[in-house]
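As structure tokens, the structure follows; a few thoughts come after it.
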Amino acid sequence: MPLVTSPAPAFDCKAVVDGQIVELPWSELHNGQWLLLFFYPLDFTFVCPTEIVAFSDGADRLAKLNTKVAAISVDSQFSHLAWTNLSREQGGLGKVNFPLIADLDKNIARSYDVLLDAGIALRGLFLIDPKGIVRHATINDLPVGRSVDEAIRVIEAFQFVEEHGEVCPANWKPGSDTIVPSPEGSKKYFKANA
């Protein structure tokens with residue numbers, strides 16, 4: 001069964017939160033909110049810090065959308081802590097505004113189907129709704145990072161659908177036309193956008 005439309009694989013974990021190593025249960029991580037969960041290959045690499053820093057810098061924008069963020073790699077919580085204690089100028093992360101989850105046994109990456117045979121995770125990004133259902137997933141190969149703006153656009157689209165019952169066409173952004181999901185209702189959109 002595909003992950004999208006299915007309940008998100010729940011897990012309890014060790015994580016670095018606000019500069020401390022903590023036990024983080026799924027109930028606290030998800031907590032009935034939208035959750036943007038993203039996997040990255042390894043600590044102390046090249047593309048990975050750019051993504052973590054970008055999502056950390058965007059955490060306030062995501063919080064305004066009632067969306068929590070967490071990042072996961074197959075590194076230990078100790079490696080995560082050391083990386084956050086290194087400045088951004090030196091290739092470190094500095095302060096990160098969301099949990100960095102340790103997946104040393106690789107069970108989380110395996111359950112989200114992003115684990116490579118080499119033992120590292122692909123760049124998987126999963127949007128989990130307040131009911132715990134995976135609503136969106138993207139998986140990048142290792143050399144290309146993800147876009148915070150696109151992740152936010154997708155969250156805004158799903159939240160619009162939930163609130164208004166209309167669907168969002170390609171390239172939709174807040175304020176753009178949406179579609180009434182019926183043969184008659186959709187004609188208004190198609191006529192206006194022909």
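Naming works like this for the structure tokens: A, B, ... for the chains as they're shown, residue 1 at the start of each chain, ligands 1 onward in shown order.
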
Using only C-alpha atoms, what table do you get, as a tab-separated table, when you list each residue of range 95-136 of chain A with an atom no more than 10 Å from range 54-64 of chain A, its nearest pair of atoms, and their distance in Å rounded to one decimal, rows by chain then rising number?
residue	atom	partner	partner_atom	distance
A:Lys95	CA	A:Ser56	CA	8.3
A:Val96	CA	A:Ser56	CA	5.5
A:Asn97	CA	A:Ser56	CA	5.1
A:Phe98	CA	A:Ser56	CA	6.8
A:Pro99	CA	A:Ser56	CA	9.8

The selected residues should be written to file as a CSV table (one decimal), in the first residue's frame (atoms: N, CA, C and O atoms).
chain,number,residue,atom,x,y,z
A,95,LYS,N,22.1,26.9,15.8
A,95,LYS,CA,20.8,26.6,16.4
A,95,LYS,C,19.9,26.2,15.3
A,95,LYS,O,19.8,26.8,14.3
A,96,VAL,N,19.2,25.1,15.6
A,96,VAL,CA,18.2,24.5,14.7
A,96,VAL,C,16.8,24.6,15.4
A,96,VAL,O,16.7,24.3,16.6
A,97,ASN,N,15.8,25.1,14.7
A,97,ASN,CA,14.5,25.4,15.3
A,97,ASN,C,13.5,24.2,15.2
A,97,ASN,O,12.3,24.5,15.2
A,98,PHE,N,14.0,23.0,15.2
A,98,PHE,CA,13.2,21.8,15.2
A,98,PHE,C,14.0,20.6,15.6
A,98,PHE,O,15.2,20.7,15.6
A,99,PRO,N,13.4,19.5,15.9
A,99,PRO,CA,14.2,18.3,16.3
A,99,PRO,C,15.0,17.7,15.2
A,99,PRO,O,14.5,17.7,14.0

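Across range 67-170 of chain A, DSSP run on the backbone finds strand (DSSP E) at Thr67, Lys68, Val69, Ala70, Ala71, Ile72, Ser73, Leu100, Ile101, Ala102, Arg123, Gly124, Leu125, Phe126, Leu127, Ile128, Val134, Arg135, His136, Ala137, Thr138, Ile139 and Asn140 of chain A.
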
Please, which residues in range 120-151 of chain A fall within 10 Å of range 8-27 of chain A when counting only C-alpha atoms, and what is the closest atom pair and distance in Å to one decimal for each, ordered by chain then residue number, as a tab-separated table?
residue	atom	partner	partner_atom	distance
A:Phe126	CA	A:Ala8	CA	8.9
A:Leu127	CA	A:Ala8	CA	9.2
A:Ile128	CA	A:Ala8	CA	6.8
A:Asp129	CA	A:Ala8	CA	9.1
A:Lys131	CA	A:Ala8	CA	9.5
A:Gly132	CA	A:Ala8	CA	5.8
A:Ile133	CA	A:Ala8	CA	5.5
A:Val134	CA	A:Ala8	CA	5.4
A:Arg135	CA	A:Ala8	CA	9.2

Could you save those same residues with all heavy atoms as an mmCIF file, in the first residue's frame?
data_model
loop_
_atom_site.group_PDB
_atom_site.id
_atom_site.type_symbol
_atom_site.label_atom_id
_atom_site.label_comp_id
_atom_site.auth_asym_id
_atom_site.auth_seq_id
_atom_site.Cartn_x
_atom_site.Cartn_y
_atom_site.Cartn_z
ATOM 1 N N PHE A 126 7.897 14.219 3.856
ATOM 2 C CA PHE A 126 6.538 13.715 4.064
ATOM 3 C C PHE A 126 5.724 14.747 4.823
ATOM 4 O O PHE A 126 6.174 15.283 5.834
ATOM 5 C CB PHE A 126 6.590 12.402 4.853
ATOM 6 C CG PHE A 126 7.373 11.345 4.142
ATOM 7 C CD1 PHE A 126 8.746 11.238 4.343
ATOM 8 C CD2 PHE A 126 6.768 10.482 3.259
ATOM 9 C CE1 PHE A 126 9.492 10.287 3.664
ATOM 10 C CE2 PHE A 126 7.502 9.526 2.567
ATOM 11 C CZ PHE A 126 8.873 9.424 2.785
ATOM 12 N N LEU A 127 4.531 15.008 4.322
ATOM 13 C CA LEU A 127 3.592 15.901 4.994
ATOM 14 C C LEU A 127 2.502 15.040 5.606
ATOM 15 O O LEU A 127 1.799 14.318 4.897
ATOM 16 C CB LEU A 127 3.009 16.911 4.006
ATOM 17 C CG LEU A 127 2.001 17.895 4.575
ATOM 18 C CD1 LEU A 127 2.625 18.720 5.698
ATOM 19 C CD2 LEU A 127 1.463 18.791 3.473
ATOM 20 N N ILE A 128 2.394 15.132 6.934
ATOM 21 C CA ILE A 128 1.459 14.307 7.699
ATOM 22 C C ILE A 128 0.399 15.233 8.282
ATOM 23 O O ILE A 128 0.730 16.246 8.905
ATOM 24 C CB ILE A 128 2.215 13.541 8.803
ATOM 25 C CG1 ILE A 128 3.291 12.654 8.155
ATOM 26 C CG2 ILE A 128 1.255 12.730 9.667
ATOM 27 C CD1 ILE A 128 4.362 12.179 9.101
ATOM 28 N N ASP A 129 -0.873 14.891 8.074
ATOM 29 C CA ASP A 129 -1.944 15.780 8.526
ATOM 30 C C ASP A 129 -2.247 15.571 10.016
ATOM 31 O O ASP A 129 -1.686 14.662 10.656
ATOM 32 C CB ASP A 129 -3.185 15.647 7.640
ATOM 33 C CG ASP A 129 -3.985 14.372 7.833
ATOM 34 O OD1 ASP A 129 -3.776 13.622 8.818
ATOM 35 O OD2 ASP A 129 -4.862 14.112 6.988
ATOM 36 N N LYS A 131 -4.573 14.191 11.511
ATOM 37 C CA LYS A 131 -5.124 12.860 11.821
ATOM 38 C C LYS A 131 -4.060 11.772 11.721
ATOM 39 O O LYS A 131 -4.337 10.607 11.975
ATOM 40 C CB LYS A 131 -6.282 12.549 10.877
ATOM 41 C CG LYS A 131 -7.455 13.492 11.043
ATOM 42 C CD LYS A 131 -8.500 13.220 9.990
ATOM 43 C CE LYS A 131 -9.565 14.296 10.052
ATOM 44 N NZ LYS A 131 -10.389 14.324 8.845
ATOM 45 N N GLY A 132 -2.835 12.145 11.312
ATOM 46 C CA GLY A 132 -1.746 11.173 11.206
ATOM 47 C C GLY A 132 -1.655 10.497 9.856
ATOM 48 O O GLY A 132 -0.961 9.492 9.712
ATOM 49 N N ILE A 133 -2.312 11.049 8.837
ATOM 50 C CA ILE A 133 -2.297 10.472 7.494
ATOM 51 C C ILE A 133 -1.240 11.187 6.649
ATOM 52 O O ILE A 133 -1.144 12.414 6.661
ATOM 53 C CB ILE A 133 -3.682 10.609 6.815
ATOM 54 C CG1 ILE A 133 -4.770 9.954 7.686
ATOM 55 C CG2 ILE A 133 -3.680 10.023 5.404
ATOM 56 C CD1 ILE A 133 -4.577 8.478 7.957
ATOM 57 N N VAL A 134 -0.462 10.414 5.899
ATOM 58 C CA VAL A 134 0.519 10.993 4.976
ATOM 59 C C VAL A 134 -0.247 11.545 3.775
ATOM 60 O O VAL A 134 -0.927 10.806 3.070
ATOM 61 C CB VAL A 134 1.566 9.954 4.514
ATOM 62 C CG1 VAL A 134 2.531 10.579 3.504
ATOM 63 C CG2 VAL A 134 2.324 9.382 5.696
ATOM 64 N N ARG A 135 -0.138 12.857 3.561
ATOM 65 C CA ARG A 135 -0.879 13.514 2.482
ATOM 66 C C ARG A 135 0.012 13.832 1.288
ATOM 67 O O ARG A 135 -0.476 14.068 0.189
ATOM 68 C CB ARG A 135 -1.505 14.807 3.002
ATOM 69 C CG ARG A 135 -2.471 14.629 4.147
ATOM 70 C CD ARG A 135 -3.711 13.828 3.776
ATOM 71 N NE ARG A 135 -4.516 14.467 2.758
ATOM 72 C CZ ARG A 135 -5.439 15.394 2.977
ATOM 73 N NH1 ARG A 135 -5.697 15.793 4.209
ATOM 74 N NH2 ARG A 135 -6.116 15.917 1.974
#

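Near range 75-90 of chain A, within 6 Å and counting only C-alpha atoms, sit Ala15, Ser73, Gly92, Leu93, Gly94, Ala102 and Leu104 of chain A; same-chain residues fewer than 2 positions away were not included.
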
Step one, run DSSP on the backbone; step two, keep only residues of chain A assigned to alpha helix (DSSP H); then write them as a PyMOL selection string. chain A and resi 26-30+47-57+59-63+77-84+107-111+148-164+186-192

Could you dump the residues just selected with C-alpha atoms as an mmCIF file, in the first residue's frame?
data_model
loop_
_atom_site.group_PDB
_atom_site.id
_atom_site.type_symbol
_atom_site.label_atom_id
_atom_site.label_comp_id
_atom_site.auth_asym_id
_atom_site.auth_seq_id
_atom_site.Cartn_x
_atom_site.Cartn_y
_atom_site.Cartn_z
ATOM 1 C CA TRP A 26 5.588 10.173 18.508
ATOM 2 C CA SER A 27 2.673 11.655 20.455
ATOM 3 C CA GLU A 28 4.769 14.734 21.251
ATOM 4 C CA LEU A 29 6.345 14.975 17.792
ATOM 5 C CA HIS A 30 3.074 14.752 15.849
ATOM 6 C CA VAL A 47 23.770 19.692 0.640
ATOM 7 C CA CYS A 48 22.295 18.506 3.944
ATOM 8 C CA PRO A 49 23.224 21.582 6.016
ATOM 9 C CA THR A 50 21.765 23.882 3.366
ATOM 10 C CA GLU A 51 18.405 22.123 3.681
ATOM 11 C CA ILE A 52 18.392 21.996 7.474
ATOM 12 C CA VAL A 53 19.362 25.665 7.746
ATOM 13 C CA ALA A 54 16.724 26.662 5.150
ATOM 14 C CA PHE A 55 13.952 24.757 6.961
ATOM 15 C CA SER A 56 15.168 26.078 10.322
ATOM 16 C CA ASP A 57 15.068 29.633 8.971
ATOM 17 C CA ALA A 59 10.271 27.347 10.846
ATOM 18 C CA ASP A 60 8.345 30.494 11.835
ATOM 19 C CA ARG A 61 6.523 30.518 8.477
ATOM 20 C CA LEU A 62 5.635 26.863 8.972
ATOM 21 C CA ALA A 63 4.504 27.449 12.576
ATOM 22 C CA GLN A 77 21.996 11.947 18.506
ATOM 23 C CA PHE A 78 25.605 12.625 19.544
ATOM 24 C CA SER A 79 26.604 13.415 15.959
ATOM 25 C CA HIS A 80 23.550 15.699 15.641
ATOM 26 C CA LEU A 81 24.547 17.514 18.836
ATOM 27 C CA ALA A 82 28.143 17.991 17.665
ATOM 28 C CA TRP A 83 26.909 19.348 14.321
ATOM 29 C CA THR A 84 24.614 21.891 16.006
ATOM 30 C CA ASN A 107 14.218 1.574 11.266
ATOM 31 C CA ILE A 108 12.536 4.932 10.675
ATOM 32 C CA ALA A 109 14.088 5.362 7.212
ATOM 33 C CA ARG A 110 13.119 1.785 6.401
ATOM 34 C CA SER A 111 9.505 2.328 7.516
ATOM 35 C CA VAL A 148 11.127 25.351 1.593
ATOM 36 C CA ASP A 149 8.870 27.574 -0.517
ATOM 37 C CA GLU A 150 7.485 24.575 -2.413
ATOM 38 C CA ALA A 151 6.909 22.637 0.815
ATOM 39 C CA ILE A 152 4.992 25.622 2.210
ATOM 40 C CA ARG A 153 2.953 25.936 -1.005
ATOM 41 C CA VAL A 154 1.931 22.275 -0.756
ATOM 42 C CA ILE A 155 0.969 22.653 2.922
ATOM 43 C CA GLU A 156 -1.091 25.743 2.104
ATOM 44 C CA ALA A 157 -2.830 23.852 -0.717
ATOM 45 C CA PHE A 158 -3.770 20.880 1.462
ATOM 46 C CA GLN A 159 -4.969 23.167 4.222
ATOM 47 C CA PHE A 160 -7.060 25.137 1.699
ATOM 48 C CA VAL A 161 -8.646 21.904 0.454
ATOM 49 C CA GLU A 162 -9.434 20.814 4.019
ATOM 50 C CA GLU A 163 -11.030 24.164 4.871
ATOM 51 C CA HIS A 164 -12.900 24.926 1.631
ATOM 52 C CA SER A 186 -15.165 22.759 -12.558
ATOM 53 C CA LYS A 187 -16.373 24.517 -15.720
ATOM 54 C CA LYS A 188 -16.100 27.926 -14.027
ATOM 55 C CA TYR A 189 -12.361 27.375 -13.463
ATOM 56 C CA PHE A 190 -11.704 25.978 -16.937
ATOM 57 C CA LYS A 191 -13.652 28.781 -18.625
ATOM 58 C CA ALA A 192 -11.766 31.468 -16.684
#

In Å, how far is it from CA of Arg146 in chain A to CA of Asn31 in chain A?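 So the two atoms, CA of Arg146 in chain A and CA of Asn31 in chain A, lie 24.8 Å apart.
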
Using only C-alpha atoms, which residue out of A:Met1, A:Asn66, A:Ala137, A:Leu142 lies closest to Phe38 in chain A?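 Distance minimum relative to Phe38 in chain A lands on A:Ala137.
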
Test item: residues at most 7 Å from Val167 in chain A, only C-alpha atoms, excluding those fewer than 3 positions along its chain, as a list of chain:residue names: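 Listing them by chain and then by number gives A:Val161, A:Thr178, A:Ile179, A:Val180, A:Pro181.
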
Counting only C-alpha atoms, the residue among A:Ile101, A:Val74, A:Cys168, A:Leu35 that lies closest to Leu122 in chain A is A:Val74

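Remark: for Asp113 in chain A, the closest of the candidate residues A:Pro7, A:Phe44, A:Phe39, A:Pro183 is A:Phe39 (distances computed over only C-alpha atoms).
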